[in-house]
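Below is one structure, written out as structure tokens, with a few remarks after it.
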Amino acid sequence: MRTFRLAIVENDEDERFFMSEAFRASGEFEILGEFGNGDQLTEWLHGSPRELPELVLSDLNMPGKNGYDIIDELKVTYPDIAVFATSTSSVATTRDKCIRAGAKDFIAKPDIFIAYDAFVAEFYQLACRYLGA
Amino acid sequence: MHLNSDLILRNLAEGVFLLDEAGNITACNAAAIAITGYDIAEIKAKPFCAIGDGQNDPIQYRYELDQTLKNKKFVAEGWKLRKDRTRYWAETSYSPIFDESERPVGYCILLRDITEQKIMQFQLLESEERYRSLVEQVRDYGIFMLDTKGRIISWNEGARRIKGYNAEDVIGKYFAIFYPEEDILSGKPAWELKVARSTGKYEEEGWRLRKDGSRFWANIVITAVYDSEGRLSGFSKVTRDLTERKMAEQALRESSDRYRQLAAELSVANSELSLLNRELEQFTAIVSHDLKEPVRTVRSFLHLMDRHLDQQKFDLLKPDIGKGILAARRMHDLIDNLLHYTQLSKVGLQRQKLNVEEVISEAVQNLNNAIEQSGAQIHVDNDVPFIYGDRVQLVQLFQNLLANALKFTNGSRPEVAVKSWMENDSVRFVVEDNGIGISPENLEKIFEIFRRLHFAHQYPGNGVGLAVCKKVVERHKGSIWAESTHGKGASFHIMLPKI
């Protein structure tokens with residue numbers, strides 16, 4: 001079973017904590033970095049990390065560079081990295097907007113952030129579909 | 001050449017008859033035979049009246065001869081018949097012949113066939129008559145003649161119908177009686193004749209008066225009329241009543257004006273509606289995301305507390321509760337701010353004349369605590385005494401801009417300048433600071449609601465302040481933008497219409 005190299009961008013610390021816990025617990029992801037916004041992510045990417053992530057999972061609403069900014073920027077600077085957007089909002093327009101902007105896909109956050117297990121499973125399915133198992 | 005009377009008679013184009021004392025033909029020339037078709041043997045010794053007019057009225061003939069003797073001449077004309085019974089128009093001229101002792105001895109009659117000439121004359125008369133009766137009977141056009149001075153000398157049925165005057169009312173009157181008073185005062189009728197005289201024609205459409213004083217919209221053409229020697233003999237004037245057309249045009253124009261206005265109103269209503277619609281969409285997005293987020297956080301911590309209780313990790317309960325409370329407060333603030341923001345577009349704008357100095361100092365007053373705490377210096381350089389707008393909203397505008405200037409510093413003492421001046425028909429305000437500045441890609445984003453560039457622990461805030469500023473300025477039909485040079489602070493520019 002393959003694992004994916006992942007970077008997580010989420011401004012809420014508690015949310016990010018439970019999110020990354022669930023990803024680690026699954027054993028299907030290797031988390032290369034956790035960031036509070038797009039500025040921190042791009043700063044890290046530009047600092048030539050040892051390994052680049054295959055996937056970026058990014059929240060949409062964040063202070064500074066938000067999820068949409070990340071989609072826009074990585075599309076140009078790191079076209080090989082697949083960006084997945086996530087948000088508490090699950091309205092269709094948000095999803096469309098992300099995919100139109102260049103995100104691989106959009107996944108709604110779970111109702112409460114201590115229940116990320118199903119989210120991680122779904123995300124793994126999507127990652128396999130887009131990047132190959 | 002020797003003139004011989006026989007020779008002359010033979011060659012004359014006119015028929016010549018010589019009559020004895022009783023009026024009977026004694027001789028005639030060749031032309032007489034050619035005109036009448038009789039030869040001399042047939043008419044000799046017959047009275048002249050017997051050869052041609054078919055009436056052969058001796059009493060009339062005697063009368064003619066008596067007149068000839070009495071007046072030395074008698075002239076007549078009329079139809080006569082040739083021998084072959086065809087008609088010709090004869091002009092006859094009788095002369096008496098006297099002998100040496102002045103005694104009448106006979107008559108000489110000159111006969112001319114002027115049929116062709118006469119027929120032409122008849123045709124001309126007929127055509128003139130036809131033409132005159134045509135003009136007289138035209139009902140849709142008023143056609144009449146003016147003399148050189150502008151007095152009416154003819155009148156037709158159309159003129160009577162259009163203007164309401166009978167011929168006897170107007171013949172001999174100056175044609176200005178058809179003009180409204182203002183035209184008469186400005187000398188328009190005389191001027192029209194002058195134009196017609198110098199250019200041959202004057203044409204226009206305008207209001208004219210009927211006999212009863214009512215107005216009608218007339219199309220008129222005045223044409224100068226010249227006699228055969230090229231002298232001005234008068235003017236013809238043709239008038240058409242176009243009142244109905246004029247009214248129809250006016251009605252059309254009015255209705256098209258009305259529709260245009262309606263369309264303009266609809267377009268305004270439409271753009272207002274689509275603006276409201278966009279705001280509604282934005283509101284939906286905000287509710288679905290920004291407001292949902294803290295609720296979800298509170299819920300998450302409640303579930304976490306439940307889990308920690310089950311796991312008997314009582315020491316973790318306190319931080320869970322603290323974070324839950326924080327999220328609940330954030331939600332409360334968000335709702336407050338959102339209501340405040342949406343309220344801006346709902347409440348009517350209280351437009352009044354405002355003292356700019358007072359508006360700015362009220363905003364500064366409201367920030368007194370923050371100014372004291374930061375030790376900020378605020379310079380106001382105001383060149384605009386008054387502005388028209390909503391007091392509460394404009395105070396809010398400056399208060400938000402000043403609050404940002406005080407907040408986004410890199411630790412050094414804030415220096416803020418507020419300037420204003422007139423620029424064409426607008427007032428420009430600038431709020432300038434020495435803070436951290438704004439990177440170019442964010443200069444527009446900062447005005448979006450809930451858009452934040454920094455984490456709350458760096459610079460607290462809710463992402464509403466500048467959105468409120470933008471909304472206030474837009475409600476005042478102005479514009480707002482930010483300028484910044486990296487590391488040299490930021491300036492916010494506002495253009496508001498003066499009125």
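Chain lettering (A, B, ...) mirrors the order of the structure tokens, residue numbering begins at 1 for each chain separately, and ligand numbering begins at 1 in order of display.
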Contact table segment 224-311 of chain B vs segment 44-61 of chain A, cut-off 10 Å, shortest pair per residue, only C-alpha atoms, as JSON lines:
```
{"residue": "B:His289", "atom": "CA", "partner": "A:Asn61", "partner_atom": "CA", "distance": 8.5}
{"residue": "B:Asp290", "atom": "CA", "partner": "A:Asn61", "partner_atom": "CA", "distance": 8.2}
{"residue": "B:Glu293", "atom": "CA", "partner": "A:Asn61", "partner_atom": "CA", "distance": 9.9}
```
The selected residues should be written to file as a short mmCIF file (atom, residue, chain, number, x, y, z; two decimals), in the first residue's frame (atoms: C-alpha atoms).
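In the end it all went to again-v7.cif:
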```
data_model
loop_
_atom_site.label_atom_id
_atom_site.label_comp_id
_atom_site.auth_asym_id
_atom_site.auth_seq_id
_atom_site.Cartn_x
_atom_site.Cartn_y
_atom_site.Cartn_z
CA HIS B 289 -18.64 29.43 6.20
CA ASP B 290 -17.50 32.16 8.51
CA GLU B 293 -16.87 27.82 11.69
#
```
Exercise for review: Quick one: everything within 8 Å of Pro63 of chain A, counting only C-alpha atoms, minus sequence neighbours fewer than 5 positions away in the same chain. Send it as a PyMOL selection string.
Suggested key: (chain A and resi 11+37) or (chain B and resi 451-455)
Go ahead and write the selection's residues with all heavy atoms as a short mmCIF file (atom, residue, chain, number, x, y, z; two decimals), in the first residue's frame.
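File produced: out38.cif:
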```cif
data_model
loop_
_atom_site.label_atom_id
_atom_site.label_comp_id
_atom_site.auth_asym_id
_atom_site.auth_seq_id
_atom_site.Cartn_x
_atom_site.Cartn_y
_atom_site.Cartn_z
N ASN A 11 -5.37 27.22 9.51
CA ASN A 11 -4.97 28.25 10.46
C ASN A 11 -5.37 27.96 11.89
O ASN A 11 -4.73 28.41 12.83
CB ASN A 11 -5.54 29.61 10.02
CG ASN A 11 -7.05 29.62 10.05
OD1 ASN A 11 -7.68 28.77 9.43
ND2 ASN A 11 -7.61 30.56 10.78
N ASN A 37 -0.92 29.19 7.22
CA ASN A 37 -1.52 29.87 6.07
C ASN A 37 -0.63 29.69 4.84
O ASN A 37 0.43 29.03 4.93
CB ASN A 37 -1.79 31.35 6.35
CG ASN A 37 -0.52 32.15 6.58
OD1 ASN A 37 0.59 31.62 6.45
ND2 ASN A 37 -0.68 33.42 6.93
N ARG B 451 -11.70 39.20 5.23
CA ARG B 451 -10.38 38.93 4.69
C ARG B 451 -9.36 39.45 5.71
O ARG B 451 -9.40 40.59 6.12
CB ARG B 451 -10.25 39.67 3.35
CG ARG B 451 -8.90 39.53 2.67
CD ARG B 451 -8.60 38.09 2.37
NE ARG B 451 -8.84 37.73 0.99
CZ ARG B 451 -8.03 36.91 0.30
NH1 ARG B 451 -6.95 36.39 0.86
NH2 ARG B 451 -8.32 36.61 -0.93
N ARG B 452 -8.50 38.56 6.14
CA ARG B 452 -7.48 39.00 7.11
C ARG B 452 -6.11 38.62 6.57
O ARG B 452 -5.95 37.58 5.95
CB ARG B 452 -7.74 38.34 8.47
CG ARG B 452 -9.16 38.61 8.98
CD ARG B 452 -9.26 38.55 10.47
NE ARG B 452 -8.29 39.42 11.11
CZ ARG B 452 -7.29 39.00 11.86
NH1 ARG B 452 -7.12 37.72 12.09
NH2 ARG B 452 -6.43 39.85 12.38
N LEU B 453 -5.16 39.51 6.80
CA LEU B 453 -3.81 39.23 6.30
C LEU B 453 -2.92 38.64 7.39
O LEU B 453 -1.84 38.15 7.12
CB LEU B 453 -3.17 40.51 5.76
CG LEU B 453 -3.87 41.19 4.58
CD1 LEU B 453 -3.05 42.38 4.11
CD2 LEU B 453 -4.09 40.22 3.44
N HIS B 454 -3.40 38.72 8.64
CA HIS B 454 -2.53 38.34 9.75
C HIS B 454 -3.26 37.44 10.72
O HIS B 454 -4.49 37.42 10.78
CB HIS B 454 -2.05 39.60 10.48
CG HIS B 454 -1.43 40.61 9.57
ND1 HIS B 454 -0.14 40.53 9.13
CD2 HIS B 454 -1.97 41.70 8.98
CE1 HIS B 454 0.12 41.54 8.32
NE2 HIS B 454 -0.99 42.27 8.20
N PHE B 455 -2.47 36.67 11.48
CA PHE B 455 -3.07 35.86 12.53
C PHE B 455 -3.53 36.75 13.67
O PHE B 455 -2.94 37.82 13.91
CB PHE B 455 -2.06 34.83 13.04
CG PHE B 455 -1.76 33.78 12.02
CD1 PHE B 455 -0.56 33.80 11.29
CD2 PHE B 455 -2.67 32.77 11.78
CE1 PHE B 455 -0.30 32.84 10.34
CE2 PHE B 455 -2.40 31.79 10.82
CZ PHE B 455 -1.21 31.83 10.10
#
```
**Study point:** d(atom CA of Gln117 of chain B, atom CA of Trp79 of chain B) in Å
**Key:** 13.1 Å
**Study point:** Which of segment 196-407 of chain B DSSP labels alpha helix (DSSP H), written as a ChimeraX atom specification
**Key:** /B:196-199,243-286,292-310,317-346,356-366,368-374,391-407
Can you spit out the residues from that selection as a tab-separated table (two decimals), in the first residue's frame, using C-alpha atoms?
```tsv
chain	number	residue	atom	x	y	z
B	196	ALA	CA	-39.62	84.23	-51.21
B	197	ARG	CA	-38.87	87.37	-53.20
B	198	SER	CA	-35.11	86.96	-52.99
B	199	THR	CA	-34.83	83.16	-53.32
B	243	THR	CA	-51.85	69.13	-37.08
B	244	GLU	CA	-52.78	65.48	-36.88
B	245	ARG	CA	-49.35	64.37	-37.98
B	246	LYS	CA	-47.77	66.81	-35.56
B	247	MET	CA	-49.90	65.51	-32.71
B	248	ALA	CA	-49.08	61.94	-33.64
B	249	GLU	CA	-45.37	62.79	-33.68
B	250	GLN	CA	-45.66	64.54	-30.37
B	251	ALA	CA	-47.55	61.62	-28.86
B	252	LEU	CA	-44.95	59.24	-30.25
B	253	ARG	CA	-42.14	61.33	-28.84
B	254	GLU	CA	-43.84	61.59	-25.48
B	255	SER	CA	-44.46	57.90	-25.33
B	256	SER	CA	-40.92	57.11	-26.42
B	257	ASP	CA	-39.63	59.56	-23.79
B	258	ARG	CA	-41.81	57.83	-21.26
B	259	TYR	CA	-40.47	54.43	-22.27
B	260	ARG	CA	-36.91	55.68	-22.24
B	261	GLN	CA	-37.42	57.03	-18.76
B	262	LEU	CA	-39.08	53.82	-17.71
B	263	ALA	CA	-36.21	51.83	-19.18
B	264	ALA	CA	-33.71	54.03	-17.35
B	265	GLU	CA	-35.60	53.56	-14.10
B	266	LEU	CA	-35.73	49.82	-14.70
B	267	SER	CA	-32.04	49.75	-15.43
B	268	VAL	CA	-31.31	51.56	-12.16
B	269	ALA	CA	-33.64	49.24	-10.27
B	270	ASN	CA	-31.99	46.31	-12.00
B	271	SER	CA	-28.48	47.32	-11.06
B	272	GLU	CA	-29.63	47.99	-7.49
B	273	LEU	CA	-31.22	44.58	-7.40
B	274	SER	CA	-28.19	42.82	-8.78
B	275	LEU	CA	-26.04	44.65	-6.25
B	276	LEU	CA	-28.37	43.48	-3.49
B	277	ASN	CA	-28.30	40.03	-4.99
B	278	ARG	CA	-24.51	39.96	-4.92
B	279	GLU	CA	-24.59	41.11	-1.33
B	280	LEU	CA	-27.09	38.39	-0.55
B	281	GLU	CA	-24.84	35.80	-2.17
B	282	GLN	CA	-21.92	37.13	-0.19
B	283	PHE	CA	-24.05	36.95	2.94
B	284	THR	CA	-24.94	33.33	2.19
B	285	ALA	CA	-21.29	32.49	1.72
B	286	ILE	CA	-20.46	34.21	4.99
B	292	LYS	CA	-20.52	28.10	10.78
B	293	GLU	CA	-16.87	27.82	11.69
B	294	PRO	CA	-17.04	28.99	15.34
B	295	VAL	CA	-20.24	26.97	15.93
B	296	ARG	CA	-18.40	23.94	14.71
B	297	THR	CA	-15.50	24.76	17.03
B	298	VAL	CA	-17.81	25.04	20.04
B	299	ARG	CA	-19.45	21.76	19.07
B	300	SER	CA	-16.09	20.11	18.61
B	301	PHE	CA	-14.92	21.14	22.08
B	302	LEU	CA	-18.16	19.94	23.65
B	303	HIS	CA	-17.59	16.54	22.03
B	304	LEU	CA	-13.98	16.65	23.14
B	305	MET	CA	-15.06	17.39	26.72
B	306	ASP	CA	-17.41	14.44	26.51
B	307	ARG	CA	-14.58	12.25	25.35
B	308	HIS	CA	-12.21	13.57	28.02
B	309	LEU	CA	-14.88	12.98	30.69
B	310	ASP	CA	-15.23	9.37	29.49
B	317	LEU	CA	-11.64	19.85	30.63
B	318	LYS	CA	-10.58	23.34	31.64
B	319	PRO	CA	-8.69	24.12	28.41
B	320	ASP	CA	-11.55	22.57	26.39
B	321	ILE	CA	-14.03	24.88	28.11
B	322	GLY	CA	-11.74	27.89	27.66
B	323	LYS	CA	-11.42	27.25	23.93
B	324	GLY	CA	-15.15	26.68	23.62
B	325	ILE	CA	-15.87	29.99	25.33
B	326	LEU	CA	-13.38	31.74	23.07
B	327	ALA	CA	-15.04	30.30	19.98
B	328	ALA	CA	-18.48	31.29	21.28
B	329	ARG	CA	-17.26	34.84	21.82
B	330	ARG	CA	-15.75	34.93	18.36
B	331	MET	CA	-19.09	33.86	16.99
B	332	HIS	CA	-20.84	36.59	18.95
B	333	ASP	CA	-18.44	39.21	17.60
B	334	LEU	CA	-18.80	37.90	14.07
B	335	ILE	CA	-22.57	38.13	14.22
B	336	ASP	CA	-22.36	41.65	15.65
B	337	ASN	CA	-19.98	42.76	12.94
B	338	LEU	CA	-21.92	41.13	10.21
B	339	LEU	CA	-25.13	42.77	11.37
B	340	HIS	CA	-23.35	46.10	11.51
B	341	TYR	CA	-22.03	45.60	8.01
B	342	THR	CA	-25.34	44.54	6.49
B	343	GLN	CA	-27.09	47.35	8.34
B	344	LEU	CA	-24.97	49.81	6.33
B	345	SER	CA	-26.81	48.95	3.13
B	346	LYS	CA	-30.23	48.80	4.70
B	356	VAL	CA	-15.24	67.96	7.91
B	357	GLU	CA	-13.14	69.07	10.87
B	358	GLU	CA	-15.84	67.89	13.25
B	359	VAL	CA	-16.25	64.52	11.56
B	360	ILE	CA	-12.53	63.80	11.78
B	361	SER	CA	-12.19	64.98	15.36
B	362	GLU	CA	-15.16	62.86	16.40
B	363	ALA	CA	-13.43	59.81	14.91
B	364	VAL	CA	-10.24	60.76	16.75
B	365	GLN	CA	-12.19	61.23	20.01
B	366	ASN	CA	-13.65	57.76	19.73
B	368	ASN	CA	-8.75	58.31	22.44
B	369	ASN	CA	-7.76	55.26	24.48
B	370	ALA	CA	-5.92	53.57	21.62
B	371	ILE	CA	-4.16	56.83	20.77
B	372	GLU	CA	-3.02	57.34	24.33
B	373	GLN	CA	-1.84	53.75	24.69
B	374	SER	CA	0.17	53.80	21.48
B	391	ARG	CA	-22.50	61.74	9.82
B	392	VAL	CA	-22.49	58.40	11.61
B	393	GLN	CA	-21.17	56.51	8.61
B	394	LEU	CA	-18.44	59.00	7.76
B	395	VAL	CA	-17.24	59.08	11.39
B	396	GLN	CA	-17.14	55.28	11.23
B	397	LEU	CA	-15.12	55.47	8.00
B	398	PHE	CA	-12.40	57.66	9.48
B	399	GLN	CA	-12.48	55.80	12.77
B	400	ASN	CA	-11.84	52.46	11.05
B	401	LEU	CA	-9.00	53.87	8.93
B	402	LEU	CA	-7.39	55.55	11.93
B	403	ALA	CA	-7.80	52.41	14.07
B	404	ASN	CA	-5.98	50.38	11.38
B	405	ALA	CA	-3.22	52.97	11.25
B	406	LEU	CA	-2.77	52.65	15.01
B	407	LYS	CA	-2.94	48.84	14.94
```
Return as an mmCIF file with N, CA and C atoms, in the first residue's frame the residues belonging to chain A that are within 7 Å of chain B, counting only C-alpha atoms.
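result.cif written:
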```
data_model
loop_
_atom_site.group_PDB
_atom_site.id
_atom_site.type_symbol
_atom_site.label_atom_id
_atom_site.label_comp_id
_atom_site.auth_asym_id
_atom_site.auth_seq_id
_atom_site.Cartn_x
_atom_site.Cartn_y
_atom_site.Cartn_z
ATOM 1 N N PRO A 63 -6.082 33.748 7.406
ATOM 2 C CA PRO A 63 -5.481 35.089 7.305
ATOM 3 C C PRO A 63 -4.277 35.045 6.379
ATOM 4 N N GLY A 64 -3.961 36.178 5.758
ATOM 5 C CA GLY A 64 -2.842 36.194 4.816
ATOM 6 C C GLY A 64 -3.241 35.453 3.560
ATOM 7 N N THR A 88 -15.291 24.224 5.969
ATOM 8 C CA THR A 88 -16.536 23.845 6.655
ATOM 9 C C THR A 88 -17.723 24.052 5.722
ATOM 10 N N SER A 89 -17.554 24.993 4.764
ATOM 11 C CA SER A 89 -18.633 25.246 3.834
ATOM 12 C C SER A 89 -18.688 24.132 2.816
ATOM 13 N N ASP A 111 -18.186 17.375 10.555
ATOM 14 C CA ASP A 111 -19.016 18.239 11.400
ATOM 15 C C ASP A 111 -18.266 18.741 12.623
ATOM 16 N N ILE A 112 -17.491 17.855 13.203
ATOM 17 C CA ILE A 112 -16.669 18.283 14.343
ATOM 18 C C ILE A 112 -15.248 17.810 14.079
ATOM 19 N N PHE A 113 -14.288 18.609 14.582
ATOM 20 C CA PHE A 113 -12.924 18.302 14.138
ATOM 21 C C PHE A 113 -12.269 17.155 14.905
ATOM 22 N N ILE A 114 -13.021 16.549 15.841
ATOM 23 C CA ILE A 114 -12.431 15.358 16.457
ATOM 24 C C ILE A 114 -12.858 14.098 15.709
#
```
**Study point:** Shell of 7 Å around Gly36 of chain A, only C-alpha atoms, local chain residues under 3 positions omitted, as a ChimeraX atom specification
**Key:** /A:9-11,40
Review point. Atom CA of Glu157 of chain B to atom CA of Tyr226 of chain B: how many Å, to one decimal?
Key: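 Computing it gives 24.2 Å between the two atoms.
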Residues near Cys98 of chain A, anyone? I mean within 12 Å using only C-alpha atoms, not counting same-chain ones fewer than 2 positions away, as a PDB file with C-alpha atoms, in the first residue's frame.
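Okay, selection-v1.pdb is ready:
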```pdb
ATOM      1  CA  SER A  58      -5.498  23.405   2.345  1.00  0.00           C
ATOM      2  CA  ASP A  59      -8.235  25.149   4.244  1.00  0.00           C
ATOM      3  CA  LEU A  60      -9.863  28.010   2.300  1.00  0.00           C
ATOM      4  CA  ASN A  66      -5.764  31.828   1.869  1.00  0.00           C
ATOM      5  CA  GLY A  67      -6.672  28.569   0.150  1.00  0.00           C
ATOM      6  CA  TYR A  68      -7.612  30.238  -3.123  1.00  0.00           C
ATOM      7  CA  ASP A  69      -4.276  32.072  -3.177  1.00  0.00           C
ATOM      8  CA  ILE A  70      -2.471  28.751  -2.669  1.00  0.00           C
ATOM      9  CA  ILE A  71      -4.385  27.101  -5.529  1.00  0.00           C
ATOM     10  CA  ASP A  72      -3.549  30.039  -7.796  1.00  0.00           C
ATOM     11  CA  LYS A  75      -0.657  25.965 -10.161  1.00  0.00           C
ATOM     12  CA  VAL A  83      -3.814  20.799  -4.182  1.00  0.00           C
ATOM     13  CA  PHE A  84      -6.984  19.646  -2.386  1.00  0.00           C
ATOM     14  CA  ALA A  85      -9.183  22.243  -0.797  1.00  0.00           C
ATOM     15  CA  THR A  86     -11.215  21.794   2.334  1.00  0.00           C
ATOM     16  CA  SER A  87     -13.626  23.950   4.266  1.00  0.00           C
ATOM     17  CA  SER A  90     -19.973  22.532   1.576  1.00  0.00           C
ATOM     18  CA  VAL A  91     -21.997  24.654  -0.834  1.00  0.00           C
ATOM     19  CA  ALA A  92     -21.597  23.653  -4.462  1.00  0.00           C
ATOM     20  CA  THR A  93     -20.351  27.076  -5.546  1.00  0.00           C
ATOM     21  CA  THR A  94     -17.342  26.861  -3.226  1.00  0.00           C
ATOM     22  CA  ARG A  95     -16.401  23.473  -4.613  1.00  0.00           C
ATOM     23  CA  ASP A  96     -16.823  24.654  -8.219  1.00  0.00           C
ATOM     24  CA  ARG A 100     -12.188  25.970 -11.635  1.00  0.00           C
ATOM     25  CA  ALA A 101      -9.221  27.697 -10.005  1.00  0.00           C
ATOM     26  CA  GLY A 102      -7.139  24.547 -10.356  1.00  0.00           C
ATOM     27  CA  ALA A 103      -7.669  22.458  -7.225  1.00  0.00           C
ATOM     28  CA  LYS A 104      -7.715  18.679  -7.775  1.00  0.00           C
ATOM     29  CA  ASP A 105     -10.802  18.343  -5.633  1.00  0.00           C
ATOM     30  CA  PHE A 106     -12.700  19.667  -2.661  1.00  0.00           C
ATOM     31  CA  ILE A 107     -13.637  17.808   0.516  1.00  0.00           C
TER      32      ILE A 107
END
```
Check your understanding: Quick one, how far is atom CA of Lys80 of chain B from atom CA of Pro58 of chain B?
Key ->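 Distance between the two atoms: 15.9 Å.
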List every residue of chain A that DSSP, applied to the backbone of this structure, assigns to strand (DSSP E), and report them as a compact mmCIF listing (two decimals) with N, CA and C atoms, in the first residue's frame.
```txt
# COMPACT_ATOMS: atom_id res chain seq x y z
N PHE A 4 1.28 8.68 0.84
CA PHE A 4 1.42 9.95 0.13
C PHE A 4 2.14 10.97 1.01
N ARG A 5 3.02 11.74 0.34
CA ARG A 5 3.69 12.82 1.07
C ARG A 5 2.74 14.04 1.07
N LEU A 6 2.44 14.53 2.26
CA LEU A 6 1.37 15.51 2.42
C LEU A 6 1.83 16.74 3.19
N ALA A 7 1.35 17.91 2.76
CA ALA A 7 1.51 19.14 3.56
C ALA A 7 0.11 19.62 3.91
N ILE A 8 -0.07 20.02 5.18
CA ILE A 8 -1.39 20.48 5.64
C ILE A 8 -1.33 21.99 5.90
N VAL A 9 -2.34 22.73 5.37
CA VAL A 9 -2.41 24.17 5.64
C VAL A 9 -3.75 24.46 6.29
N PHE A 29 -0.30 8.34 5.15
CA PHE A 29 0.27 9.64 4.77
C PHE A 29 1.54 9.93 5.55
N GLU A 30 2.45 10.58 4.86
CA GLU A 30 3.64 11.08 5.55
C GLU A 30 3.53 12.61 5.56
N ILE A 31 3.35 13.18 6.74
CA ILE A 31 3.13 14.63 6.81
C ILE A 31 4.48 15.34 6.81
N LEU A 32 4.74 16.08 5.71
CA LEU A 32 6.03 16.77 5.59
C LEU A 32 6.01 18.11 6.29
N GLY A 33 4.83 18.70 6.42
CA GLY A 33 4.78 20.01 7.08
C GLY A 33 3.36 20.40 7.41
N GLU A 34 3.20 21.21 8.49
CA GLU A 34 1.90 21.75 8.87
C GLU A 34 2.04 23.26 8.92
N PHE A 35 1.13 23.94 8.26
CA PHE A 35 1.28 25.40 8.15
C PHE A 35 -0.02 26.12 8.50
N LEU A 55 0.98 16.02 -2.22
CA LEU A 55 -0.35 16.59 -1.98
C LEU A 55 -0.26 17.76 -1.00
N VAL A 56 -1.12 18.76 -1.28
CA VAL A 56 -1.31 19.80 -0.27
C VAL A 56 -2.79 19.80 0.06
N LEU A 57 -3.10 19.69 1.34
CA LEU A 57 -4.49 19.82 1.78
C LEU A 57 -4.62 21.19 2.43
N SER A 58 -5.45 22.03 1.85
CA SER A 58 -5.50 23.41 2.35
C SER A 58 -6.91 23.84 2.71
N ASP A 59 -7.00 24.46 3.86
CA ASP A 59 -8.23 25.15 4.24
C ASP A 59 -8.42 26.34 3.29
N ALA A 82 -0.43 18.32 -6.18
CA ALA A 82 -1.89 18.32 -6.27
C ALA A 82 -2.46 19.00 -5.03
N VAL A 83 -3.23 20.06 -5.30
CA VAL A 83 -3.81 20.80 -4.18
C VAL A 83 -5.25 20.35 -3.98
N PHE A 84 -5.61 19.97 -2.75
CA PHE A 84 -6.98 19.65 -2.39
C PHE A 84 -7.47 20.70 -1.41
N ALA A 85 -8.65 21.21 -1.68
CA ALA A 85 -9.18 22.24 -0.80
C ALA A 85 -10.15 21.62 0.18
N THR A 86 -10.23 22.24 1.36
CA THR A 86 -11.21 21.79 2.33
C THR A 86 -11.77 23.01 3.06
N SER A 87 -12.99 22.83 3.58
CA SER A 87 -13.63 23.95 4.27
C SER A 87 -14.85 23.44 5.02
N ASP A 105 -9.45 18.65 -6.11
CA ASP A 105 -10.80 18.34 -5.63
C ASP A 105 -11.06 19.14 -4.36
N PHE A 106 -12.29 18.97 -3.87
CA PHE A 106 -12.70 19.67 -2.66
C PHE A 106 -13.37 18.66 -1.74
N ILE A 107 -13.00 18.70 -0.46
CA ILE A 107 -13.64 17.81 0.52
C ILE A 107 -14.11 18.65 1.69
N ALA A 108 -15.38 18.47 2.06
CA ALA A 108 -15.90 19.23 3.20
C ALA A 108 -15.32 18.68 4.50
```
Point to revise | Selection: 9 Å around segment 415-418 of chain B, only C-alpha atoms, excl. self and same-chain fewer than 4 positions, as a list of chain:residue names | key: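 Listed by chain and then number, they are B:Ile360, B:Ala376, B:Gln377, B:Ile378, B:His379, B:Val380, B:Asp381, B:Asn382, B:Leu402, B:Ala405, B:Leu406, B:Phe429, B:Val430, B:Val431, B:Glu432, B:Asp433, B:Asn434, B:Gly435.
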Would you put the residues from that selection into a file with C-alpha atoms, as a short mmCIF file (atom, residue, chain, number, x, y, z; two decimals), in the first residue's frame?
```cif
data_model
loop_
_atom_site.label_atom_id
_atom_site.label_comp_id
_atom_site.auth_asym_id
_atom_site.auth_seq_id
_atom_site.Cartn_x
_atom_site.Cartn_y
_atom_site.Cartn_z
CA ILE B 360 -12.53 63.80 11.78
CA ALA B 376 0.32 58.06 18.37
CA GLN B 377 0.67 61.43 16.68
CA ILE B 378 -2.24 62.42 14.53
CA HIS B 379 -1.93 65.40 12.15
CA VAL B 380 -4.98 66.78 10.50
CA ASP B 381 -4.47 68.98 7.44
CA ASN B 382 -7.89 69.77 6.19
CA LEU B 402 -7.39 55.55 11.93
CA ALA B 405 -3.22 52.97 11.25
CA LEU B 406 -2.77 52.65 15.01
CA PHE B 429 -9.21 62.39 1.74
CA VAL B 430 -5.98 60.65 2.51
CA VAL B 431 -5.19 58.77 5.70
CA GLU B 432 -1.48 58.04 5.77
CA ASP B 433 0.47 55.98 8.32
CA ASN B 434 4.02 54.81 9.02
CA GLY B 435 2.99 51.23 9.73
#
```
Review point. Phe386 of chain B: which residues within 7 Å, counting only C-alpha atoms, same-chain residues fewer than 4 positions away excluded, as a PyMOL selection string?
Key: chain B and resi 353-356
Write the residues of the selection above to a file with N, CA, C and O atoms, as an mmCIF file, in the first residue's frame.
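The resulting out37.cif:
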```
data_model
loop_
_atom_site.group_PDB
_atom_site.id
_atom_site.type_symbol
_atom_site.label_atom_id
_atom_site.label_comp_id
_atom_site.auth_asym_id
_atom_site.auth_seq_id
_atom_site.Cartn_x
_atom_site.Cartn_y
_atom_site.Cartn_z
ATOM 1 N N LYS B 353 -25.255 68.433 5.601
ATOM 2 C CA LYS B 353 -24.034 69.211 5.448
ATOM 3 C C LYS B 353 -23.196 68.999 6.700
ATOM 4 O O LYS B 353 -23.666 69.245 7.815
ATOM 5 N N LEU B 354 -21.978 68.509 6.517
ATOM 6 C CA LEU B 354 -21.152 68.181 7.665
ATOM 7 C C LEU B 354 -19.876 68.999 7.655
ATOM 8 O O LEU B 354 -19.271 69.226 6.613
ATOM 9 N N ASN B 355 -19.476 69.418 8.843
ATOM 10 C CA ASN B 355 -18.201 70.087 9.003
ATOM 11 C C ASN B 355 -17.122 69.008 9.039
ATOM 12 O O ASN B 355 -17.100 68.157 9.935
ATOM 13 N N VAL B 356 -16.243 69.024 8.051
ATOM 14 C CA VAL B 356 -15.242 67.956 7.907
ATOM 15 C C VAL B 356 -14.365 67.854 9.159
ATOM 16 O O VAL B 356 -14.092 66.764 9.669
#
```
